[in-house]
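Containing mmCIF, C-alpha atoms: coords-v4.cif.
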```
data_data
loop_
_atom_site.label_atom_id
_atom_site.label_comp_id
_atom_site.auth_asym_id
_atom_site.auth_seq_id
_atom_site.Cartn_x
_atom_site.Cartn_y
_atom_site.Cartn_z
CA MET A 1 0.00 0.00 0.00
CA LEU A 2 1.19 3.50 -0.84
CA GLU A 3 2.07 5.64 2.13
CA LYS A 4 -0.07 8.75 2.27
CA SER A 5 1.52 12.12 2.85
CA GLU A 6 0.92 14.03 6.07
CA LYS A 7 -1.25 16.51 4.16
CA GLU A 8 -3.44 13.73 2.80
CA ILE A 9 -3.72 12.20 6.26
CA ARG A 10 -4.82 15.53 7.73
CA GLU A 11 -7.51 15.85 5.09
CA LEU A 12 -8.76 12.37 5.95
CA ILE A 13 -8.78 13.24 9.65
CA LYS A 14 -10.85 16.36 8.96
CA LYS A 15 -13.39 14.29 7.03
CA ALA A 16 -13.44 11.57 9.70
CA LYS A 17 -14.05 14.22 12.36
CA LYS A 18 -17.12 15.28 10.40
CA GLY A 19 -18.37 11.69 10.60
CA GLU A 20 -17.25 10.32 7.22
CA SER A 21 -16.62 6.65 7.93
CA GLU A 22 -15.04 6.08 4.47
CA ALA A 23 -12.27 8.52 5.35
CA PHE A 24 -11.78 6.68 8.60
CA GLY A 25 -11.49 3.44 6.62
CA LEU A 26 -8.56 4.91 4.69
CA ILE A 27 -6.94 5.97 7.96
CA TYR A 28 -7.38 2.39 9.16
CA ASP A 29 -5.59 1.07 6.05
CA GLN A 30 -2.77 3.46 6.67
CA TYR A 31 -2.11 2.63 10.32
CA LEU A 32 -3.40 -0.85 11.11
CA GLU A 33 -0.14 -2.66 10.36
CA ARG A 34 1.92 -0.46 12.68
CA ILE A 35 -0.59 -0.57 15.48
CA TYR A 36 -0.94 -4.33 15.18
CA ARG A 37 2.86 -4.82 15.26
CA PHE A 38 3.24 -2.58 18.29
CA ILE A 39 0.55 -4.46 20.19
CA TYR A 40 1.74 -7.89 19.07
CA LEU A 41 5.28 -7.25 20.32
CA LYS A 42 3.88 -6.17 23.66
CA VAL A 43 1.34 -8.94 24.26
CA SER A 44 3.10 -11.78 22.33
CA SER A 45 -0.16 -13.27 21.14
CA ARG A 46 -1.64 -12.95 17.64
CA GLU A 47 -5.24 -13.38 18.79
CA GLU A 48 -4.93 -10.79 21.53
CA ALA A 49 -3.09 -8.43 19.21
CA GLU A 50 -5.89 -8.70 16.64
CA ASP A 51 -8.56 -8.12 19.22
CA LEU A 52 -6.77 -5.14 20.74
CA SER A 53 -5.99 -3.62 17.33
CA GLN A 54 -9.66 -3.67 16.46
CA GLN A 55 -10.46 -2.01 19.78
CA VAL A 56 -7.90 0.72 19.08
CA PHE A 57 -9.67 1.79 15.90
CA MET A 58 -13.12 1.61 17.47
CA LYS A 59 -11.96 3.80 20.34
CA ALA A 60 -10.25 6.15 17.92
CA TRP A 61 -13.52 6.57 16.03
CA GLU A 62 -15.40 7.27 19.25
CA ALA A 63 -12.84 9.89 20.25
CA MET A 64 -12.18 11.50 16.86
CA TYR A 65 -13.64 14.78 18.09
CA ARG A 66 -11.11 14.88 20.89
CA PHE A 67 -8.12 14.51 18.60
CA GLU A 68 -6.40 17.83 18.46
CA ASP A 69 -3.87 18.67 15.84
CA GLU A 70 -0.71 19.39 17.85
CA GLY A 71 1.65 19.10 14.93
CA LEU A 72 2.37 15.46 15.72
CA PRO A 73 1.49 12.57 13.43
CA PHE A 74 -1.91 10.99 13.92
CA SER A 75 -0.09 7.72 14.57
CA SER A 76 1.17 9.09 17.93
CA TRP A 77 -2.42 9.45 19.07
CA LEU A 78 -3.23 5.91 17.93
CA TYR A 79 -0.13 4.51 19.65
CA ARG A 80 -1.24 6.20 22.85
CA ILE A 81 -4.66 4.57 22.64
CA ALA A 82 -3.00 1.22 21.90
CA ARG A 83 -0.62 1.61 24.82
CA ASN A 84 -3.46 2.36 27.24
CA LEU A 85 -5.43 -0.64 25.99
CA VAL A 86 -2.41 -2.91 26.48
CA ILE A 87 -2.01 -1.58 30.03
CA ASP A 88 -5.68 -2.37 30.71
CA PHE A 89 -5.23 -5.77 29.10
CA TYR A 90 -2.34 -6.61 31.42
CA ARG A 91 -4.23 -5.36 34.44
CA THR A 92 -7.14 -7.68 33.81
CA ARG A 93 -5.49 -10.71 32.23
CA ARG A 94 -1.91 -10.81 33.36
CA GLN A 95 -2.12 -14.08 35.24
CA ASN A 96 -3.75 -15.89 32.33
CA ILE A 97 -1.09 -14.69 29.92
CA VAL A 98 1.76 -15.88 32.13
CA LEU A 99 0.20 -19.34 32.24
CA GLU A 100 -0.34 -19.44 28.48
CA GLU A 101 3.20 -18.30 27.78
CA ASN A 102 4.70 -20.97 30.02
CA ILE A 103 2.67 -23.65 28.29
CA ILE A 104 3.69 -22.41 24.83
CA ILE A 105 7.36 -22.18 25.72
CA GLU A 106 7.38 -25.64 27.25
CA ALA A 107 5.63 -27.11 24.22
CA THR A 108 7.95 -25.54 21.67
CA GLU A 109 11.25 -25.67 23.46
CA ASN A 110 11.49 -29.39 22.96
CA SER A 111 10.89 -29.26 19.23
CA GLU A 112 13.57 -29.10 16.59
CA GLU A 113 11.67 -26.30 14.89
CA ARG A 114 12.38 -24.13 17.89
CA ALA A 115 16.11 -24.60 17.43
CA LEU A 116 15.88 -23.56 13.77
CA LYS A 117 13.89 -20.44 14.60
CA ASN A 118 16.31 -19.50 17.31
CA HIS A 119 19.07 -19.82 14.79
CA ASP A 120 17.74 -17.04 12.56
CA GLY A 121 17.42 -14.73 15.56
CA GLU A 122 13.82 -13.46 15.19
CA GLU A 123 12.33 -15.72 17.82
CA LEU A 124 15.31 -15.12 20.03
CA ILE A 125 14.91 -11.35 19.95
CA LYS A 126 11.14 -11.66 20.50
CA LYS A 127 11.79 -13.82 23.51
CA ALA A 128 14.36 -11.33 24.80
CA LEU A 129 11.90 -8.46 24.33
CA LYS A 130 9.47 -10.22 26.65
CA GLU A 131 12.01 -9.87 29.43
CA LEU A 132 11.92 -6.07 29.25
CA THR A 133 9.62 -3.89 31.29
CA GLU A 134 6.60 -2.35 29.53
CA GLU A 135 8.27 1.06 29.44
CA GLN A 136 11.46 -0.37 27.99
CA LYS A 137 9.43 -2.27 25.39
CA ASP A 138 7.62 0.94 24.40
CA VAL A 139 10.89 2.76 23.77
CA ILE A 140 12.57 -0.08 21.87
CA ILE A 141 9.55 -0.84 19.63
CA LEU A 142 8.67 2.78 18.89
CA ARG A 143 12.26 3.90 18.38
CA PHE A 144 13.84 1.04 16.43
CA ILE A 145 10.95 -0.78 14.81
CA GLU A 146 8.55 2.10 14.11
CA GLY A 147 11.28 4.70 13.73
CA LEU A 148 9.63 7.46 15.76
CA SER A 149 11.52 10.46 17.12
CA TYR A 150 12.11 10.93 20.84
CA LYS A 151 9.66 13.83 20.73
CA GLU A 152 6.90 11.60 19.41
CA ILE A 153 7.71 8.80 21.89
CA ALA A 154 7.70 11.34 24.71
CA LYS A 155 4.21 12.42 23.66
CA ILE A 156 2.97 8.84 23.55
CA THR A 157 4.54 7.66 26.80
CA LYS A 158 4.21 10.99 28.65
CA LYS A 159 7.88 10.89 29.62
CA ASN A 160 10.59 13.44 29.01
CA GLN A 161 13.34 12.82 26.47
CA PRO A 162 16.28 12.29 28.88
CA ALA A 163 14.20 9.68 30.72
CA LEU A 164 13.51 7.95 27.41
CA ARG A 165 17.22 7.85 26.55
CA ILE A 166 17.99 6.26 29.91
CA LEU A 167 15.23 3.70 29.39
CA GLN A 168 16.59 2.90 25.92
CA HIS A 169 20.16 2.50 27.21
CA ARG A 170 19.07 0.14 29.99
CA ALA A 171 16.82 -1.83 27.64
CA LEU A 172 19.63 -2.39 25.12
CA ASN A 173 22.02 -3.49 27.88
CA LYS A 174 19.44 -5.92 29.18
CA LEU A 175 18.81 -7.30 25.70
CA ARG A 176 22.54 -7.75 25.14
CA LYS A 177 22.84 -9.77 28.36
CA ILE A 178 19.79 -11.90 27.53
CA LEU A 179 20.95 -12.62 23.97
CA LYS A 180 24.45 -13.46 25.14
CA LYS A 181 23.01 -15.87 27.68
CA GLU A 182 20.72 -17.44 25.06
CA GLN A 183 23.51 -17.86 22.51
CA PHE A 184 26.03 -19.17 25.01
CA PRO A 185 23.99 -20.70 27.80
CA SER A 186 26.99 -22.51 29.35
CA ILE A 187 28.93 -19.26 29.94
CA MET F 188 27.17 -8.81 20.73
CA GLN F 189 27.49 -5.17 19.67
CA LYS F 190 24.80 -2.56 20.28
CA THR F 191 24.36 -1.93 16.54
CA GLU F 192 23.94 -5.65 15.93
CA ILE F 193 21.15 -5.81 18.50
CA ILE F 194 19.44 -2.77 16.99
CA ASN F 195 19.60 -4.38 13.52
CA LYS F 196 18.04 -7.54 14.89
CA ILE F 197 15.26 -5.48 16.48
CA LYS F 198 14.66 -3.62 13.20
CA ASN F 199 14.13 -6.97 11.47
CA LEU F 200 10.93 -7.36 13.51
CA LYS F 201 9.37 -4.77 11.20
CA THR F 202 8.53 -7.68 8.93
CA ILE F 203 5.78 -8.74 11.37
CA GLN F 204 2.45 -8.24 9.65
CA PRO F 205 -1.15 -8.99 10.50
CA ASP F 206 -3.05 -11.75 8.72
CA ARG F 207 -4.72 -10.55 5.48
CA ASP F 208 -8.10 -12.03 6.42
CA PHE F 209 -7.93 -10.34 9.78
CA VAL F 210 -7.19 -6.98 8.11
CA ALA F 211 -10.22 -7.24 5.82
CA GLN F 212 -12.63 -8.57 8.45
CA THR F 213 -11.61 -6.03 11.06
CA LYS F 214 -11.95 -3.18 8.57
CA ASN F 215 -15.53 -4.25 7.86
CA ARG F 216 -16.28 -4.48 11.57
CA VAL F 217 -14.77 -1.08 12.31
CA LEU F 218 -16.62 0.59 9.43
CA SER F 219 -19.91 -1.04 10.44
CA TYR F 220 -19.33 0.23 13.95
CA ALA F 221 -18.51 3.71 12.60
CA LYS F 222 -21.81 3.78 10.71
CA ILE F 223 -23.83 2.76 13.78
CA TYR F 224 -21.98 4.78 16.40
CA GLU F 225 -22.12 8.52 15.93
CA PRO F 226 -19.73 10.25 18.31
CA ILE F 227 -21.19 13.26 20.14
CA PRO F 228 -18.99 16.32 19.75
CA PRO F 229 -17.86 17.72 23.12
CA LEU F 230 -18.96 21.19 24.20
CA LYS F 231 -15.99 23.40 23.44
CA VAL F 232 -14.77 26.06 25.87
CA SER F 233 -14.72 28.59 23.02
CA PHE F 234 -18.45 27.99 22.50
CA VAL F 235 -19.22 28.43 26.21
CA PHE F 236 -17.48 31.81 26.21
CA SER F 237 -18.79 32.91 22.82
CA PRO F 238 -20.73 36.25 22.77
CA ILE F 239 -23.97 34.53 21.76
CA PHE F 240 -23.75 32.07 24.65
CA ILE F 241 -22.93 34.86 27.13
CA LYS F 242 -25.88 37.01 25.89
CA ALA F 243 -28.26 34.07 26.07
CA GLY F 244 -27.06 33.18 29.57
CA ALA F 245 -27.43 36.79 30.77
CA MET F 246 -30.97 36.98 29.37
CA VAL F 247 -31.99 33.75 31.08
CA LEU F 248 -30.51 34.84 34.41
CA GLY F 249 -32.06 38.32 34.16
CA THR F 250 -35.51 36.90 33.40
CA ALA F 251 -35.24 34.49 36.32
CA LEU F 252 -34.25 37.32 38.67
CA ILE F 253 -37.16 39.53 37.57
CA PHE F 254 -39.59 36.65 38.03
CA VAL F 255 -38.29 35.98 41.55
CA LEU F 256 -38.63 39.65 42.53
CA ILE F 257 -42.17 39.90 41.13
CA TRP F 258 -43.16 36.75 42.96
CA GLN F 259 -41.60 37.82 46.25
CA PHE F 260 -42.98 41.35 46.47
CA LEU F 261 -46.11 41.43 44.31
CA LEU F 262 -47.66 38.00 43.91
CA MET F 263 -46.80 36.29 47.19
CA PRO F 264 -48.65 38.83 49.43
CA LEU F 265 -51.76 38.40 47.25
CA PHE F 266 -51.77 34.62 47.45
CA SER F 267 -50.67 34.18 51.05
CA PRO F 268 -53.63 33.33 53.46
CA LYS F 269 -55.02 36.20 55.63
CA MET F 270 -54.63 35.74 59.40
CA PRO F 271 -57.03 37.23 62.01
CA PRO F 272 -55.46 40.35 63.53
CA GLY F 273 -55.33 38.67 66.94
CA LEU F 274 -53.23 35.80 65.58
CA GLU F 275 -50.76 37.79 63.59
CA VAL F 276 -47.34 37.30 65.05
CA SER F 277 -46.22 40.86 64.35
CA ALA F 278 -49.31 42.31 66.10
CA ILE F 279 -48.77 40.11 69.17
CA GLN F 280 -45.13 41.05 69.34
CA SER F 281 -45.84 44.79 69.16
CA GLU F 282 -48.59 44.49 71.76
CA TRP F 283 -46.27 42.63 74.10
CA GLN F 284 -43.60 45.26 73.72
CA LEU F 285 -46.05 48.09 74.43
CA ALA F 286 -47.82 46.40 77.36
CA ASP F 287 -46.92 47.57 80.89
CA ILE F 288 -47.24 44.60 83.23
CA SER F 289 -46.25 46.40 86.48
CA PRO F 290 -49.91 47.20 87.62
CA TYR F 291 -50.77 43.53 87.28
CA LEU F 292 -47.78 42.56 89.35
CA LYS F 293 -48.86 45.01 92.07
CA GLU F 294 -52.38 43.58 92.04
CA ILE F 295 -51.00 40.08 92.41
CA PHE F 296 -48.89 41.24 95.37
CA VAL F 297 -51.84 42.95 97.08
CA ASN F 298 -54.09 39.94 96.53
CA ASP F 299 -51.44 37.76 98.06
CA LEU F 300 -51.32 39.96 101.16
CA ILE F 301 -55.10 40.01 101.47
CA GLY F 302 -55.19 36.25 101.18
CA LYS F 303 -52.71 35.90 104.03
CA ASP F 304 -54.77 38.29 106.23
CA VAL F 305 -57.95 36.35 105.53
CA ASP F 306 -56.22 33.08 106.40
CA LEU F 307 -54.99 34.53 109.66
CA ALA F 308 -58.42 35.91 110.57
CA LEU F 309 -60.13 32.60 109.82
CA THR F 310 -57.61 30.71 111.93
CA GLN F 311 -58.19 33.03 114.87
CA LEU F 312 -61.96 32.71 114.49
CA ALA F 313 -61.75 28.93 114.41
CA ARG F 314 -59.69 28.91 117.58
CA GLN F 315 -62.18 31.18 119.29
CA GLU F 316 -65.10 28.96 118.30
CA ASN F 317 -63.27 25.88 119.49
CA TYR F 318 -62.62 27.54 122.80
CA ASN F 319 -66.30 28.50 123.24
CA PHE F 320 -67.40 24.96 122.42
CA ASN F 321 -65.04 23.43 124.95
CA GLU F 322 -66.19 25.86 127.54
CA LYS F 323 -69.82 25.00 126.80
CA ALA F 324 -69.07 21.28 126.88
CA THR F 325 -67.53 21.48 130.30
CA ASN F 326 -70.32 23.60 131.75
CA LYS F 327 -72.60 21.15 133.62
CA GLU F 328 -75.44 23.61 133.84
CA ALA F 329 -75.45 24.05 130.16
CA ILE F 330 -75.46 20.30 129.62
CA LYS F 331 -78.47 19.92 131.88
CA LYS F 332 -80.35 22.56 129.94
CA GLU F 333 -79.51 20.87 126.73
CA ALA F 334 -80.72 17.57 128.10
CA GLU F 335 -83.96 19.09 129.19
CA ASN F 336 -84.51 20.39 125.73
CA LEU F 337 -84.09 16.94 124.18
CA ILE F 338 -87.27 15.06 123.36
CA LEU F 339 -86.47 11.58 124.47
CA ASP F 340 -89.87 10.02 124.00
CA ARG F 341 -89.98 10.76 120.33
CA GLU F 342 -90.54 7.62 118.27
CA LEU F 343 -88.04 7.08 115.59
CA PRO F 344 -89.27 5.45 112.41
CA ILE F 345 -87.90 2.02 111.62
CA LEU F 346 -86.17 2.21 108.23
CA ASN F 347 -84.99 -0.56 106.03
CA GLY F 348 -81.70 -0.51 104.14
CA ASN F 349 -83.10 0.97 100.92
CA GLU F 350 -84.84 3.78 102.76
CA ILE F 351 -81.64 4.58 104.66
CA ASP F 352 -79.74 4.74 101.39
CA GLN F 353 -82.40 7.03 99.91
CA LEU F 354 -82.25 9.37 102.87
CA LEU F 355 -78.50 9.43 102.81
CA ASN F 356 -78.58 10.25 99.13
CA GLU F 357 -80.99 13.10 99.78
CA LEU F 358 -78.73 14.44 102.47
CA THR F 359 -75.51 14.17 100.60
CA PHE F 360 -76.73 15.36 97.16
#
```

Let me see the structure of the file written as structure tokens.
Amino acid sequence: MLEKSEKEIRELIKKAKKGESEAFGLIYDQYLERIYRFIYLKVSSREEAEDLSQQVFMKAWEAMYRFEDEGLPFSSWLYRIARNLVIDFYRTRRQNIVLEENIIIEATENSEERALKNHDGEELIKKALKELTEEQKDVIILRFIEGLSYKEIAKITKKNQPALRILQHRALNKLRKILKKEQFPSI
Amino acid sequence: MQKTEIINKIKNLKTIQPDRDFVAQTKNRVLSYAKIYEPIPPLKVSFVFSPIFIKAGAMVLGTALIFVLIWQFLLMPLFSPKMPPGLEVSAIQSEWQLADISPYLKEIFVNDLIGKDVDLALTQLARQENYNFNEKATNKEAIKKEAENLILDRELPILNGNEIDQLLNELTF
């Protein structure tokens, strides 16, 4: 899909604010993938990520009138909604998720497929990401996967930029230690 | 492992994508929801402080104030129930303030004194009477005279119980 320019996005937002659902549909096309990825990397479950992504866009539609143009991309507003929904999700279903994760890890760790996946590094880094705190995850995903500026991340997470840099530094150190341990478990 | 190497590995996660079917189905659901649910625009602060809103508010408040004043001073006295002059609280209060109660107090004091004098006089009289009676009772001559005056041969009627009761009733009532 072709990326729309900021100007085009703002036009769509204006129309959506007036109640044009078709314009909102185009906004959905533009942002769903990013929002889904952000949520998936935080909750580590495709089903939950799909459910929460849908909720993000429904909530965004409900609150379109409250969206104020502060010179930041519309995506920042959507990320903030997504982040709040994930926080709520963890508040209500944290215990269930921990149980599910343990079962999944136990089931897959014994398989040969697991070893192959670990080899290419994607599963390994996903597993390492799970070890980070929610705040550290936010910074790492938004900064390195979604490519947002510190200013935008600060707006989403409601933290100042020096605090974000410290979080990022600690998160990367933690990831390095986890990956080293995973690659060389005997050391 | 170097920091840049870790960052590159993280960036590779950008390949994560949602399922195509999910994308299509969710879009339909969201658009259906958007057609059903019409968000209500919030009342903006700029609207609240707009000149039209301020004028309208002032007119409403002014009208309400005028109505209250008319009710309080013109209509309420007409509709309120009339009290007899003797029961009006204000009339009683003014009468109480004007009334001089000192003559009444004097009268009560005088009456009290008179009452005491009367009591004293009656007590003295009773004592005197008692004295005279005792004196009479002890006077043998007087007793003889009294005895002479008695009619001893008078026949008394024999009365039954009912007749006694009737007589007693006549005497007592």

The PyMOL selection byres ((chain A and resi 173) around 12) applied to the shown file, residues as a list in words: Ala128, Leu129, Glu131, Leu132, Gln136, Ile140, Ile166, Leu167, Gln168, His169, Arg170, Ala171, Leu172, Lys174, Leu175, Arg176, Lys177, Ile178, Leu179 and Lys180 of chain A; Met188, Gln189, Lys190, Thr191, Ile193 and Ile194 of chain F

Give me, as a tab-separated table, the closest atom pair and its distance (Å, one decimal) for every residue of chain F within a cut-off of 10 Å of chain A, counting all atoms listed in the file, rows sorted by chain and rising number.
```
residue	atom	partner	partner_atom	distance
F:Met188	CA	A:Arg176	CA	6.5
F:Gln189	CA	A:Arg176	CA	7.8
F:Lys190	CA	A:Leu172	CA	7.1
F:Thr191	CA	A:Leu172	CA	9.8
F:Glu192	CA	A:Arg176	CA	9.5
F:Ile193	CA	A:Arg176	CA	7.1
F:Ile194	CA	A:Phe144	CA	6.8
F:Asn195	CA	A:Phe144	CA	8.4
F:Lys196	CA	A:Ile125	CA	7.1
F:Ile197	CA	A:Ile145	CA	6.6
F:Lys198	CA	A:Ile145	CA	4.9
F:Asn199	CA	A:Glu122	CA	7.5
F:Leu200	CA	A:Ile145	CA	6.7
F:Lys201	CA	A:Ile145	CA	5.6
F:Thr202	CA	A:Arg37	CA	9.0
F:Ile203	CA	A:Arg37	CA	6.2
F:Gln204	CA	A:Glu33	CA	6.2
F:Pro205	CA	A:Glu33	CA	6.4
F:Asp206	CA	A:Glu50	CA	8.9
F:Phe209	CA	A:Glu50	CA	7.3
F:Val210	CA	A:Leu32	CA	7.8
F:Ala211	CA	A:Asp29	CA	9.5
F:Gln212	CA	A:Gln54	CA	9.8
F:Thr213	CA	A:Gln54	CA	6.2
F:Lys214	CA	A:Gly25	CA	6.9
F:Asn215	CA	A:Gly25	CA	8.8
F:Arg216	CA	A:Gln54	CA	8.3
F:Val217	CA	A:Met58	CA	6.0
F:Leu218	CA	A:Ser21	CA	6.2
F:Ser219	CA	A:Ser21	CA	8.7
F:Tyr220	CA	A:Met58	CA	7.3
F:Ala221	CA	A:Ser21	CA	5.8
F:Lys222	CA	A:Ser21	CA	6.5
F:Tyr224	CA	A:Glu62	CA	7.6
F:Glu225	CA	A:Gly19	CA	7.2
F:Pro226	CA	A:Glu62	CA	5.3
F:Ile227	CA	A:Tyr65	CA	8.0
F:Pro228	CA	A:Tyr65	CA	5.8
F:Pro229	CA	A:Tyr65	CA	7.2
```

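As for CA of Leu346 (chain F) and CA of Ala334 (chain F), they are spaced 25.7 Å apart.
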
Pairwise distance for CA of Glu48 (chain A) and CA of Leu85 (chain A), rounded to one decimal in Å: 11.1 Å

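Distance annotation: of A:Pro162, A:Ile156, A:Lys15, A:Ser45, the residue with the minimal separation from Ala82 (chain A) is A:Ile156; atom set is all atoms listed in the file.
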
Separation of CA of Lys7 (chain A) from CA of Ile153 (chain A), in Å and rounded to one decimal: 21.3 Å

Find the residues near Glu134 (chain A): any atom within 8 Å, counting only C-alpha atoms, skip ones fewer than 3 places away on the same chain, and give them as a PDB file with C-alpha atoms, in the coordinates of the input.
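This is the output file part26.pdb:
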```pdb
ATOM      1  CA  LYS A  42       3.880  -6.170  23.660  1.00  0.00           C
ATOM      2  CA  LYS A 137       9.430  -2.270  25.390  1.00  0.00           C
ATOM      3  CA  ASP A 138       7.620   0.940  24.400  1.00  0.00           C
TER       4      ASP A 138
END
```

Where atoms are absent from region 54-70 of chain A, fill them in so it carries N, CA and C atoms, then output it as an mmCIF file, in the coordinates of the input.
```cif
data_model
loop_
_atom_site.group_PDB
_atom_site.id
_atom_site.type_symbol
_atom_site.label_atom_id
_atom_site.label_comp_id
_atom_site.auth_asym_id
_atom_site.auth_seq_id
_atom_site.Cartn_x
_atom_site.Cartn_y
_atom_site.Cartn_z
ATOM 1 N N GLN A 54 -8.289 -4.047 16.824
ATOM 2 C CA GLN A 54 -9.660 -3.670 16.460
ATOM 3 C C GLN A 54 -10.219 -2.653 17.457
ATOM 4 N N GLN A 55 -9.973 -2.927 18.726
ATOM 5 C CA GLN A 55 -10.460 -2.010 19.780
ATOM 6 C C GLN A 55 -9.852 -0.617 19.642
ATOM 7 N N VAL A 56 -8.576 -0.577 19.244
ATOM 8 C CA VAL A 56 -7.900 0.720 19.080
ATOM 9 C C VAL A 56 -8.649 1.588 18.081
ATOM 10 N N PHE A 57 -9.018 0.994 16.946
ATOM 11 C CA PHE A 57 -9.670 1.790 15.900
ATOM 12 C C PHE A 57 -11.113 2.145 16.277
ATOM 13 N N MET A 58 -11.766 1.275 17.008
ATOM 14 C CA MET A 58 -13.120 1.610 17.470
ATOM 15 C C MET A 58 -13.068 2.771 18.460
ATOM 16 N N LYS A 59 -12.105 2.706 19.359
ATOM 17 C CA LYS A 59 -11.960 3.800 20.340
ATOM 18 C C LYS A 59 -11.548 5.095 19.661
ATOM 19 N N ALA A 60 -10.686 4.952 18.654
ATOM 20 C CA ALA A 60 -10.250 6.150 17.920
ATOM 21 C C ALA A 60 -11.444 6.815 17.237
ATOM 22 N N TRP A 61 -12.318 6.007 16.676
ATOM 23 C CA TRP A 61 -13.520 6.570 16.030
ATOM 24 C C TRP A 61 -14.399 7.293 17.050
ATOM 25 N N GLU A 62 -14.574 6.659 18.196
ATOM 26 C CA GLU A 62 -15.400 7.270 19.250
ATOM 27 C C GLU A 62 -14.830 8.619 19.694
ATOM 28 N N ALA A 63 -13.485 8.696 19.687
ATOM 29 C CA ALA A 63 -12.840 9.890 20.250
ATOM 30 C C ALA A 63 -12.284 10.827 19.180
ATOM 31 N N MET A 64 -12.721 10.658 17.946
ATOM 32 C CA MET A 64 -12.180 11.500 16.860
ATOM 33 C C MET A 64 -12.328 12.989 17.146
ATOM 34 N N TYR A 65 -13.419 13.357 17.801
ATOM 35 C CA TYR A 65 -13.640 14.780 18.090
ATOM 36 C C TYR A 65 -12.619 15.329 19.081
ATOM 37 N N ARG A 66 -12.072 14.410 19.873
ATOM 38 C CA ARG A 66 -11.110 14.880 20.890
ATOM 39 C C ARG A 66 -9.692 15.018 20.343
ATOM 40 N N PHE A 67 -9.463 14.426 19.164
ATOM 41 C CA PHE A 67 -8.120 14.510 18.600
ATOM 42 C C PHE A 67 -7.827 15.946 18.204
ATOM 43 N N GLU A 68 -6.780 16.465 18.776
ATOM 44 C CA GLU A 68 -6.400 17.830 18.460
ATOM 45 C C GLU A 68 -5.082 17.835 17.698
ATOM 46 N N ASP A 69 -5.059 18.607 16.681
ATOM 47 C CA ASP A 69 -3.870 18.670 15.840
ATOM 48 C C ASP A 69 -2.765 19.456 16.564
ATOM 49 N N GLU A 70 -1.798 18.723 17.111
ATOM 50 C CA GLU A 70 -0.710 19.390 17.850
ATOM 51 C C GLU A 70 0.592 19.370 17.049
#
```
